[in-house]
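Listing of data08.tsv; format and content: TSV, C-alpha atoms and all ligand atoms.
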```
chain	number	residue	atom	x	y	z
V	1	MET	CA	2.11	4.97	56.14
V	2	ILE	CA	2.52	5.06	52.39
V	3	ALA	CA	0.08	6.79	50.03
V	4	VAL	CA	-0.58	5.26	46.61
V	5	THR	CA	-2.47	7.14	43.89
V	6	GLY	CA	-4.21	5.06	41.25
V	7	SER	CA	-4.63	2.31	43.85
V	8	ALA	CA	-7.87	0.92	42.39
V	9	SER	CA	-6.44	-0.68	39.24
V	10	GLY	CA	-3.42	-2.01	37.40
V	11	ILE	CA	0.04	-1.15	38.73
V	12	GLY	CA	-1.32	0.82	41.72
V	13	ALA	CA	-3.54	-2.10	42.71
V	14	ALA	CA	-0.45	-4.36	42.64
V	15	VAL	CA	1.61	-1.91	44.71
V	16	VAL	CA	-0.92	-1.93	47.59
V	17	PRO	CA	-0.57	-5.65	48.55
V	18	ALA	CA	3.18	-5.58	47.85
V	19	LEU	CA	3.56	-2.76	50.42
V	20	ARG	CA	1.21	-4.44	52.90
V	21	ALA	CA	3.29	-7.64	52.62
V	22	GLU	CA	6.27	-5.57	53.84
V	23	GLY	CA	4.23	-4.43	56.84
V	24	HIS	CA	3.20	-0.96	55.63
V	25	ASP	CA	-0.15	0.71	56.12
V	26	VAL	CA	-1.41	2.06	52.80
V	27	ILE	CA	-3.64	5.03	51.98
V	28	GLY	CA	-5.19	4.50	48.54
V	29	VAL	CA	-6.16	7.51	46.42
V	30	ASP	CA	-8.32	7.07	43.35
V	31	LEU	CA	-11.53	8.15	41.64
V	32	ARG	CA	-13.29	5.18	43.27
V	33	ASP	CA	-12.66	2.17	45.56
V	34	ALA	CA	-10.11	4.04	47.66
V	35	GLN	CA	-9.80	5.54	51.14
V	36	VAL	CA	-9.34	8.97	49.56
V	37	ARG	CA	-11.58	9.52	46.55
V	38	ALA	CA	-10.40	12.45	44.43
V	39	ASP	CA	-10.08	13.50	40.80
V	40	LEU	CA	-6.42	14.38	40.19
V	41	GLY	CA	-7.44	15.96	36.89
V	42	THR	CA	-8.79	19.07	38.66
V	43	PRO	CA	-7.25	21.59	41.10
V	44	ASP	CA	-10.02	20.92	43.66
V	45	GLY	CA	-9.57	17.17	43.39
V	46	ARG	CA	-5.79	17.45	43.86
V	47	GLN	CA	-6.30	19.51	47.00
V	48	ARG	CA	-8.85	16.96	48.25
V	49	ALA	CA	-6.27	14.20	47.68
V	50	ILE	CA	-3.52	16.07	49.55
V	51	ASP	CA	-5.82	17.01	52.44
V	52	GLY	CA	-7.26	13.48	52.64
V	53	VAL	CA	-3.80	11.88	52.84
V	54	LEU	CA	-2.51	14.42	55.38
V	55	ASP	CA	-5.60	13.85	57.48
V	56	ARG	CA	-5.13	10.07	57.50
V	57	CYS	CA	-1.37	10.09	58.15
V	58	GLY	CA	-1.48	12.81	60.81
V	59	GLY	CA	0.98	14.98	58.86
V	60	SER	CA	3.81	12.40	58.69
V	61	LEU	CA	4.01	10.17	55.61
V	62	GLU	CA	6.71	7.56	55.14
V	63	GLY	CA	6.34	7.18	51.40
V	64	LEU	CA	4.35	8.12	48.29
V	65	VAL	CA	3.72	6.25	45.03
V	66	LEU	CA	2.16	8.09	42.10
V	67	CYS	CA	0.48	5.57	39.79
V	68	ALA	CA	-2.72	7.39	38.77
V	69	GLY	CA	-2.69	8.03	35.05
V	70	LEU	CA	-4.58	7.97	31.79
V	71	GLY	CA	-3.55	6.24	28.55
V	72	PRO	CA	-3.16	7.74	25.06
V	73	HIS	CA	-6.61	6.50	24.04
V	74	THR	CA	-8.34	8.86	26.53
V	75	PRO	CA	-10.83	10.95	24.48
V	76	ASP	CA	-9.74	14.36	25.85
V	77	PRO	CA	-5.95	14.74	25.44
V	78	VAL	CA	-5.88	17.82	27.71
V	79	ARG	CA	-7.06	15.57	30.55
V	80	ILE	CA	-4.13	13.20	29.92
V	81	ILE	CA	-1.75	16.08	30.70
V	82	GLU	CA	-3.85	17.30	33.65
V	83	VAL	CA	-3.85	13.88	35.33
V	84	ASN	CA	-0.47	12.40	34.33
V	85	TYR	CA	1.59	15.57	34.75
V	86	ARG	CA	-0.20	18.26	36.81
V	87	GLY	CA	-2.04	15.78	39.01
V	88	ALA	CA	1.16	13.89	39.81
V	89	VAL	CA	3.37	16.94	40.38
V	90	THR	CA	0.82	18.82	42.51
V	91	VAL	CA	0.37	15.82	44.82
V	92	LEU	CA	4.15	15.33	44.96
V	93	ASP	CA	4.74	18.95	45.99
V	94	GLY	CA	1.71	19.07	48.28
V	95	LEU	CA	2.86	16.03	50.26
V	96	PHE	CA	6.61	16.81	50.21
V	97	PRO	CA	6.59	18.63	53.59
V	98	ALA	CA	5.01	15.54	55.20
V	99	LEU	CA	7.29	12.97	53.52
V	100	ARG	CA	9.94	11.20	55.57
V	101	THR	CA	11.62	8.62	53.33
V	102	ALA	CA	10.96	8.38	49.58
V	103	ALA	CA	8.56	8.81	46.68
V	104	VAL	CA	8.27	7.03	43.35
V	105	ALA	CA	6.43	8.42	40.33
V	106	VAL	CA	5.31	6.06	37.58
V	107	SER	CA	6.41	7.69	34.34
V	108	SER	CA	6.67	5.65	31.12
V	109	SER	CA	9.10	4.54	28.45
V	110	ALA	CA	7.16	7.13	26.39
V	111	SER	CA	8.92	9.83	28.46
V	112	THR	CA	12.01	9.28	26.28
V	113	MET	CA	10.13	9.64	23.00
V	114	VAL	CA	10.22	13.44	23.10
V	115	ARG	CA	13.00	15.84	24.10
V	116	TRP	CA	12.21	18.41	26.81
V	117	ALA	CA	13.36	21.16	24.40
V	118	ASP	CA	10.60	20.06	22.00
V	119	ASN	CA	7.95	19.47	24.68
V	120	PRO	CA	5.22	22.15	24.50
V	121	ILE	CA	4.48	21.66	28.23
V	122	ALA	CA	7.89	23.28	28.87
V	123	ARG	CA	6.52	26.52	27.43
V	124	GLY	CA	2.89	26.15	28.56
V	125	GLU	CA	1.90	25.77	24.90
V	126	GLU	CA	0.34	22.30	24.97
V	127	ALA	CA	-3.22	23.45	24.16
V	128	ALA	CA	-2.10	25.11	20.91
V	129	ALA	CA	0.20	22.19	20.06
V	130	LEU	CA	-2.64	19.69	20.61
V	131	ALA	CA	-4.95	21.68	18.34
V	132	ASP	CA	-2.44	21.03	15.50
V	133	ALA	CA	-1.66	17.41	16.41
V	134	GLY	CA	-4.35	15.58	14.42
V	135	GLU	CA	-5.14	11.97	15.19
V	136	TYR	CA	-1.88	11.42	17.09
V	137	ARG	CA	-2.83	13.96	19.77
V	138	GLY	CA	-3.51	11.30	22.40
V	139	GLN	CA	-0.13	9.67	21.91
V	140	LEU	CA	1.62	13.05	21.86
V	141	ALA	CA	-0.20	14.26	25.00
V	142	TYR	CA	0.79	11.01	26.73
V	143	ALA	CA	4.49	11.28	25.74
V	144	TRP	CA	4.62	14.99	26.66
V	145	SER	CA	2.93	14.36	30.02
V	146	LYS	CA	5.37	11.58	30.96
V	147	ASN	CA	8.42	13.49	29.69
V	148	ALA	CA	7.34	16.49	31.79
V	149	LEU	CA	6.77	14.26	34.83
V	150	THR	CA	10.26	12.74	34.62
V	151	VAL	CA	11.79	16.21	34.16
V	152	ALA	CA	9.81	17.47	37.18
V	153	VAL	CA	11.19	14.64	39.32
V	154	ARG	CA	14.77	15.17	38.15
V	155	SER	CA	14.44	18.93	38.76
V	156	ARG	CA	13.59	18.35	42.42
V	157	VAL	CA	16.65	16.27	43.42
V	158	ALA	CA	18.55	19.08	45.16
V	159	GLU	CA	15.66	20.22	47.36
V	160	TRP	CA	14.43	16.70	48.14
V	161	GLY	CA	17.94	15.33	48.72
V	162	ALA	CA	18.69	18.13	51.21
V	163	ALA	CA	15.48	17.21	53.04
V	164	GLY	CA	16.52	13.53	53.16
V	165	VAL	CA	13.66	12.36	50.98
V	166	ARG	CA	14.57	10.27	47.92
V	167	LEU	CA	12.62	10.68	44.68
V	168	ASN	CA	12.78	8.42	41.61
V	169	THR	CA	10.72	7.37	38.60
V	170	VAL	CA	9.97	4.00	37.08
V	171	ALA	CA	9.36	3.93	33.34
V	172	PRO	CA	7.40	0.84	32.30
V	173	GLY	CA	7.02	-0.43	28.76
V	174	ALA	CA	3.82	-2.35	27.98
V	175	VAL	CA	2.33	-3.76	31.18
V	176	ASP	CA	-0.83	-5.90	31.28
V	177	THR	CA	-3.42	-3.55	32.79
V	178	PRO	CA	-6.79	-2.08	31.79
V	179	LEU	CA	-4.89	1.00	30.52
V	180	LEU	CA	-2.89	-1.13	28.07
V	181	ALA	CA	-6.02	-2.99	27.00
V	182	GLY	CA	-7.70	0.36	26.25
V	183	GLY	CA	-4.80	1.42	24.04
V	184	LEU	CA	-4.70	-1.93	22.20
V	185	ALA	CA	-8.43	-1.66	21.48
V	186	ASP	CA	-8.10	1.84	20.00
V	187	PRO	CA	-7.99	1.69	16.18
V	188	ARG	CA	-5.67	4.74	16.08
V	189	TYR	CA	-3.01	3.33	18.42
V	190	GLY	CA	-3.54	-0.45	18.69
V	191	ASP	CA	-1.09	-1.38	15.92
V	192	ALA	CA	1.64	0.95	17.18
V	193	ILE	CA	1.37	-0.61	20.65
V	194	ARG	CA	1.40	-4.14	19.16
V	195	ASN	CA	4.52	-3.24	17.14
V	196	TYR	CA	6.34	-2.01	20.25
V	197	ARG	CA	8.33	-5.19	20.83
V	198	ALA	CA	10.40	-6.26	23.80
V	199	PRO	CA	13.33	-8.72	23.72
V	200	ILE	CA	11.53	-10.46	26.59
V	201	PRO	CA	8.58	-11.48	24.39
V	202	ARG	CA	5.61	-10.72	26.61
V	203	HIS	CA	4.01	-7.80	28.40
V	204	GLY	CA	5.16	-6.85	31.88
V	205	ARG	CA	3.12	-7.82	34.89
V	206	PRO	CA	1.85	-5.22	37.40
V	207	ALA	CA	3.46	-7.20	40.24
V	208	GLU	CA	6.88	-6.89	38.54
V	209	VAL	CA	6.58	-3.09	38.47
V	210	ALA	CA	5.29	-3.12	42.06
V	211	ALA	CA	8.37	-5.07	43.20
V	212	LEU	CA	10.67	-2.40	41.73
V	213	ILE	CA	8.64	0.37	43.38
V	214	VAL	CA	8.79	-1.37	46.78
V	215	TYR	CA	12.57	-1.70	46.40
V	216	LEU	CA	12.93	2.01	45.54
V	217	LEU	CA	10.92	3.02	48.62
V	218	GLY	CA	12.95	0.84	50.95
V	219	PRO	CA	16.28	1.12	52.81
V	220	ARG	CA	18.19	-1.03	50.32
V	221	ALA	CA	17.76	1.82	47.78
V	222	GLY	CA	19.20	4.36	50.25
V	223	TYR	CA	21.57	5.97	47.69
V	224	VAL	CA	19.19	5.84	44.70
V	225	HIS	CA	17.89	9.36	44.06
V	226	GLY	CA	16.79	11.15	40.88
V	227	ALA	CA	16.99	7.99	38.80
V	228	GLN	CA	14.62	6.69	36.14
V	229	PHE	CA	14.36	2.91	35.99
V	230	MET	CA	13.23	1.44	32.67
V	231	ILE	CA	11.18	-1.71	33.23
V	232	ASP	CA	10.36	-2.60	29.66
V	233	GLY	CA	11.64	-6.10	28.85
V	234	GLY	CA	14.64	-4.51	27.09
V	235	SER	CA	12.74	-2.39	24.53
V	236	ASP	CA	14.66	0.82	25.21
V	237	ALA	CA	18.06	-0.86	24.90
V	238	LEU	CA	16.89	-2.57	21.72
V	239	MET	CA	15.77	0.70	20.11
V	240	ARG	CA	18.51	3.02	21.41
V	241	PRO	CA	21.59	0.97	22.34
V	242	THR	CA	23.91	3.99	22.34
V	243	GLU	CA	21.65	6.50	24.13
V	244	PHE	CA	21.10	6.35	27.87
V	301	LIG	P1	-4.97	1.51	35.09
V	301	LIG	O1	-5.94	2.19	34.20
V	301	LIG	O2	-5.11	0.06	35.35
V	301	LIG	O3	-4.90	2.26	36.51
V	301	LIG	C1	-4.85	3.67	36.58
V	301	LIG	C2	-5.56	4.11	37.83
V	301	LIG	O4	-5.49	5.55	37.87
V	301	LIG	C3	-7.06	3.73	37.84
V	301	LIG	O5	-7.42	3.12	39.06
V	301	LIG	C4	-7.76	5.06	37.64
V	301	LIG	O6	-9.04	5.14	38.26
V	301	LIG	C5	-6.76	6.03	38.27
V	301	LIG	N1	-7.01	7.37	37.76
V	301	LIG	C6	-7.15	7.73	36.46
V	301	LIG	N2	-7.48	9.02	36.38
V	301	LIG	C7	-7.55	9.48	37.65
V	301	LIG	C8	-7.87	10.74	38.20
V	301	LIG	N3	-8.23	11.78	37.44
V	301	LIG	N4	-7.84	10.88	39.56
V	301	LIG	C9	-7.53	9.81	40.35
V	301	LIG	N5	-7.21	8.61	39.87
V	301	LIG	C10	-7.24	8.44	38.54
V	301	LIG	O7	-3.54	1.84	34.46
V	301	LIG	P2	-2.06	1.31	34.78
V	301	LIG	O8	-1.55	0.72	33.54
V	301	LIG	O9	-1.98	0.59	36.06
V	301	LIG	O10	-1.33	2.72	34.93
V	301	LIG	C11	-0.65	3.13	36.10
V	301	LIG	C12	0.43	4.11	35.68
V	301	LIG	O11	1.38	3.42	34.90
V	301	LIG	C13	-0.09	5.26	34.81
V	301	LIG	O12	0.52	6.46	35.21
V	301	LIG	C14	0.36	4.87	33.42
V	301	LIG	O13	0.56	5.98	32.59
V	301	LIG	C15	1.68	4.17	33.73
V	301	LIG	N6	2.14	3.27	32.68
V	301	LIG	C16	1.40	2.18	32.32
V	301	LIG	C17	1.87	1.37	31.29
V	301	LIG	C18	1.10	0.14	30.84
V	301	LIG	O14	1.46	-0.44	29.80
V	301	LIG	N7	0.09	-0.30	31.56
V	301	LIG	C19	3.08	1.67	30.66
V	301	LIG	C20	3.80	2.77	31.06
V	301	LIG	C21	3.32	3.57	32.08
```

In structure tokens, how does this file's structure come out?
Ligand code: NAD
Amino acid sequence: MIAVTGSASGIGAAVVPALRAEGHDVIGVDLRDAQVRADLGTPDGRQRAIDGVLDRCGGSLEGLVLCAGLGPHTPDPVRIIEVNYRGAVTVLDGLFPALRTAAVAVSSSASTMVRWADNPIARGEEAAALADAGEYRGQLAYAWSKNALTVAVRSRVAEWGAAGVRLNTVAPGAVDTPLLAGGLADPRYGDAIRNYRAPIPRHGRPAEVAALIVYLLGPRAGYVHGAQFMIDGGSDALMRPTEF
């Protein structure tokens, strides 16, 4: 059994049939339209998600995919960090003892847009930093949350590797989902998202990200651990050819 958070929409909704096509049973976790309904933005909701998955898998989970997330246009930027970072990491750690094979967290190309040394989440100072962030607070909260998520994954490689459970992130660029549509419609961020170009001149498709996630969960990725895979049509290489 493989648990997928954010299974009701976008990338998560594409991961579910891709896993089923490989013969896996899937436990969906989301605010709605899922076997386990839970709000990953609150401590109670995270515990409900962990308990609900453990209940359904009988304490032994083959894989985990963390897709649930909020975009930069979300009105409350604190909630972006609570869902994208704390929600993801708490579920990851809560299900780790039950995991048998691998987990994949969906980070973002935005994770590379801030350095950990400059990320206020590293010092628990995000509330104060957001109060000073002006109209870019949603974008900053998003980049900080995804940078912190990727750092959290990379920081767990020793413990998870010793337990025989692989852990990786995928970092999409712009992918055609309701989250992207929400950002494009926001007058504060729409132009910046439109100006984020990819050498492959289109948005990514949820099924393309799902295919990478299925690969990372499977036996052909048996030596892939602690890696972040950009899936961005070449944007990162275009912007930062000498940094990787
Ligand atoms: P989406 O809005 O289509 O799907 C997100 C899902 O997460 C929804 O089903 C939503 O209900 C769920 N969710 C949101 N808040 C939740 C909460 N508090 N508790 C439980 N579930 C919650 O978005 P998407 O584009 O498919 O995003 C999936 C992941 O991909 C997110 O983590 C997002 O940050 C990341 N991502 C998306 C893009 C993009 O361009 N679409 C780019 C980079 C990264």

**OP:** With all atoms listed in the file counted, collect every polymer residue having an atom within 6 Å of ligand LIG 301 (chain V); state the result as a PyMOL selection string.
**Re:** chain V and resi 6-12+30-31+38-41+67-71+83+106-108+172-180

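With distances restricted to only C-alpha atoms, V:Ser109 is the closest residue to V:Asp236 from V:Thr5, V:Thr74, V:Gln35, V:Ser109.
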
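The two atoms in question, atom CA of V:Val165 and atom CA of V:Ala3, are spaced 14.7 Å apart.
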
Original post:
Which polymer residues, protein or nucleic acid, are no farther than 12 Å from (-3.3, 13.1, 17.6), counting only C-alpha atoms, as number ranges by chain?
Top reply: V: 72-78, 129-143, 188-189

May I have the residues within 12 Å of V:Arg86 as a PDB file with C-alpha atoms, in the coordinates of the input, using all atoms listed in the file and disregarding those fewer than 4 positions away in the same chain?
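Result saved to part_26.pdb:
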```pdb
ATOM      1  CA  ASP V  39     -10.080  13.500  40.800  1.00  0.00           C
ATOM      2  CA  LEU V  40      -6.420  14.380  40.190  1.00  0.00           C
ATOM      3  CA  GLY V  41      -7.440  15.960  36.890  1.00  0.00           C
ATOM      4  CA  THR V  42      -8.790  19.070  38.660  1.00  0.00           C
ATOM      5  CA  PRO V  43      -7.250  21.590  41.100  1.00  0.00           C
ATOM      6  CA  GLY V  45      -9.570  17.170  43.390  1.00  0.00           C
ATOM      7  CA  ARG V  46      -5.790  17.450  43.860  1.00  0.00           C
ATOM      8  CA  GLN V  47      -6.300  19.510  47.000  1.00  0.00           C
ATOM      9  CA  LEU V  66       2.160   8.090  42.100  1.00  0.00           C
ATOM     10  CA  ALA V  68      -2.720   7.390  38.770  1.00  0.00           C
ATOM     11  CA  GLY V  69      -2.690   8.030  35.050  1.00  0.00           C
ATOM     12  CA  VAL V  78      -5.880  17.820  27.710  1.00  0.00           C
ATOM     13  CA  ARG V  79      -7.060  15.570  30.550  1.00  0.00           C
ATOM     14  CA  ILE V  80      -4.130  13.200  29.920  1.00  0.00           C
ATOM     15  CA  ILE V  81      -1.750  16.080  30.700  1.00  0.00           C
ATOM     16  CA  GLU V  82      -3.850  17.300  33.650  1.00  0.00           C
ATOM     17  CA  THR V  90       0.820  18.820  42.510  1.00  0.00           C
ATOM     18  CA  VAL V  91       0.370  15.820  44.820  1.00  0.00           C
ATOM     19  CA  LEU V  92       4.150  15.330  44.960  1.00  0.00           C
ATOM     20  CA  ASP V  93       4.740  18.950  45.990  1.00  0.00           C
ATOM     21  CA  GLY V  94       1.710  19.070  48.280  1.00  0.00           C
ATOM     22  CA  ILE V 121       4.480  21.660  28.230  1.00  0.00           C
ATOM     23  CA  GLY V 124       2.890  26.150  28.560  1.00  0.00           C
ATOM     24  CA  TRP V 144       4.620  14.990  26.660  1.00  0.00           C
ATOM     25  CA  SER V 145       2.930  14.360  30.020  1.00  0.00           C
ATOM     26  CA  LYS V 146       5.370  11.580  30.960  1.00  0.00           C
ATOM     27  CA  ALA V 148       7.340  16.490  31.790  1.00  0.00           C
ATOM     28  CA  LEU V 149       6.770  14.260  34.830  1.00  0.00           C
ATOM     29  CA  ALA V 152       9.810  17.470  37.180  1.00  0.00           C
TER      30      ALA V 152
END
```

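Nearest-residue note for V:Arg194: choosing from V:Ala181, V:Ile2, V:Asp118, V:Tyr215, the minimum distance belongs to V:Ala181, counting all atoms listed in the file.
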
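Shortest atom-to-atom contact with V:Ala237 among V:Gly28, V:Gly190, V:Pro120, V:Pro199: V:Pro199, counting all atoms listed in the file.
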
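Taking atom CA of V:Leu61 and atom CA of V:Val209 as the two end points, the separation is 21.8 Å.
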
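Counting all atoms listed in the file, the residue from V:Gly226, V:Gly59, V:Pro206, V:Gly182 that sits nearest to V:Ala13 is V:Pro206.
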
**OP:** Go through V:Ala221, V:Val89, V:Val36, V:Leu64 one by one, measure the shortest atom-to-atom distance of each to V:Arg156 using all atoms listed in the file, and give the residue with the smallest value.
**Re:** V:Val89

**OP:** Rank nothing, just name the residue among V:Val214, V:Ala98, V:Ala122, V:Leu184 nearest to V:Val65, using all atoms listed in the file.
**Re:** V:Val214

Could the centre and edge lengths of an axis-aligned box, enclosing all atoms of stretch 213-231 of chain V in the file with 3 Å extra on each side, be given in Å to one decimal as AutoDock Vina command-line options?
```
--center_x 15.1 --center_y 4.7 --center_z 42.7 --size_x 18.9 --size_y 18.9 --size_z 26.1
```

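Between atom CA of V:Glu22 and atom CA of V:Ala162 the interatomic distance comes to 26.9 Å.
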
For stretch 108-118 of chain V, supply all heavy atoms and format the output as a short mmCIF file (atom, residue, chain, number, x, y, z; two decimals), in the frame of the given file.
```
data_model
loop_
_atom_site.label_atom_id
_atom_site.label_comp_id
_atom_site.auth_asym_id
_atom_site.auth_seq_id
_atom_site.Cartn_x
_atom_site.Cartn_y
_atom_site.Cartn_z
N SER V 108 6.90 6.62 32.20
CA SER V 108 6.67 5.65 31.12
C SER V 108 7.89 5.65 30.20
O SER V 108 8.61 6.66 30.11
CB SER V 108 5.44 6.08 30.31
OG SER V 108 5.36 5.33 29.11
N SER V 109 8.07 4.54 29.49
CA SER V 109 9.10 4.54 28.45
C SER V 109 8.80 5.63 27.42
O SER V 109 9.71 6.14 26.76
CB SER V 109 9.17 3.16 27.78
OG SER V 109 7.90 2.81 27.27
N ALA V 110 7.53 6.05 27.32
CA ALA V 110 7.16 7.13 26.39
C ALA V 110 7.80 8.46 26.77
O ALA V 110 7.89 9.37 25.94
CB ALA V 110 5.64 7.29 26.35
N SER V 111 8.28 8.57 28.03
CA SER V 111 8.92 9.83 28.46
C SER V 111 10.17 10.13 27.64
O SER V 111 10.59 11.28 27.56
CB SER V 111 9.29 9.76 29.94
OG SER V 111 10.28 8.77 30.16
N THR V 112 10.77 9.09 27.04
CA THR V 112 12.01 9.28 26.28
C THR V 112 11.73 9.54 24.80
O THR V 112 12.66 9.72 24.02
CB THR V 112 12.91 8.03 26.38
OG1 THR V 112 12.23 6.93 25.75
CG2 THR V 112 13.20 7.67 27.83
N MET V 113 10.46 9.53 24.43
CA MET V 113 10.13 9.64 23.00
C MET V 113 10.01 11.09 22.55
O MET V 113 9.73 11.36 21.38
CB MET V 113 8.86 8.84 22.70
CG MET V 113 9.15 7.34 22.81
SD MET V 113 7.69 6.32 22.71
CE MET V 113 8.35 4.72 23.21
N VAL V 114 10.19 12.03 23.46
CA VAL V 114 10.22 13.44 23.10
C VAL V 114 11.33 14.08 23.92
O VAL V 114 11.65 13.61 25.02
CB VAL V 114 8.85 14.11 23.40
CG1 VAL V 114 8.47 13.98 24.85
CG2 VAL V 114 8.85 15.58 23.01
N ARG V 115 11.98 15.10 23.34
CA ARG V 115 13.00 15.84 24.10
C ARG V 115 12.33 17.00 24.83
O ARG V 115 11.39 17.61 24.30
CB ARG V 115 14.08 16.38 23.16
CG ARG V 115 14.95 15.27 22.58
CD ARG V 115 15.91 15.79 21.52
NE ARG V 115 15.61 17.13 21.05
CZ ARG V 115 16.47 18.15 21.04
NH1 ARG V 115 17.69 17.97 21.47
NH2 ARG V 115 16.12 19.33 20.58
N TRP V 116 12.80 17.31 26.03
CA TRP V 116 12.21 18.41 26.81
C TRP V 116 12.21 19.71 25.99
O TRP V 116 11.26 20.48 26.02
CB TRP V 116 13.00 18.58 28.12
CG TRP V 116 12.51 19.69 29.00
CD1 TRP V 116 13.24 20.77 29.41
CD2 TRP V 116 11.22 19.84 29.62
NE1 TRP V 116 12.48 21.57 30.23
CE2 TRP V 116 11.23 21.02 30.38
CE3 TRP V 116 10.04 19.07 29.59
CZ2 TRP V 116 10.13 21.46 31.11
CZ3 TRP V 116 8.93 19.53 30.32
CH2 TRP V 116 8.98 20.70 31.06
N ALA V 117 13.27 19.93 25.20
CA ALA V 117 13.36 21.16 24.40
C ALA V 117 12.23 21.23 23.38
O ALA V 117 11.84 22.33 22.95
CB ALA V 117 14.71 21.22 23.70
N ASP V 118 11.70 20.08 22.99
CA ASP V 118 10.60 20.06 22.00
C ASP V 118 9.24 19.84 22.66
O ASP V 118 8.24 19.67 21.95
CB ASP V 118 10.83 18.92 21.00
CG ASP V 118 12.15 19.06 20.27
OD1 ASP V 118 12.54 20.20 20.00
OD2 ASP V 118 12.79 18.03 20.00
#
```
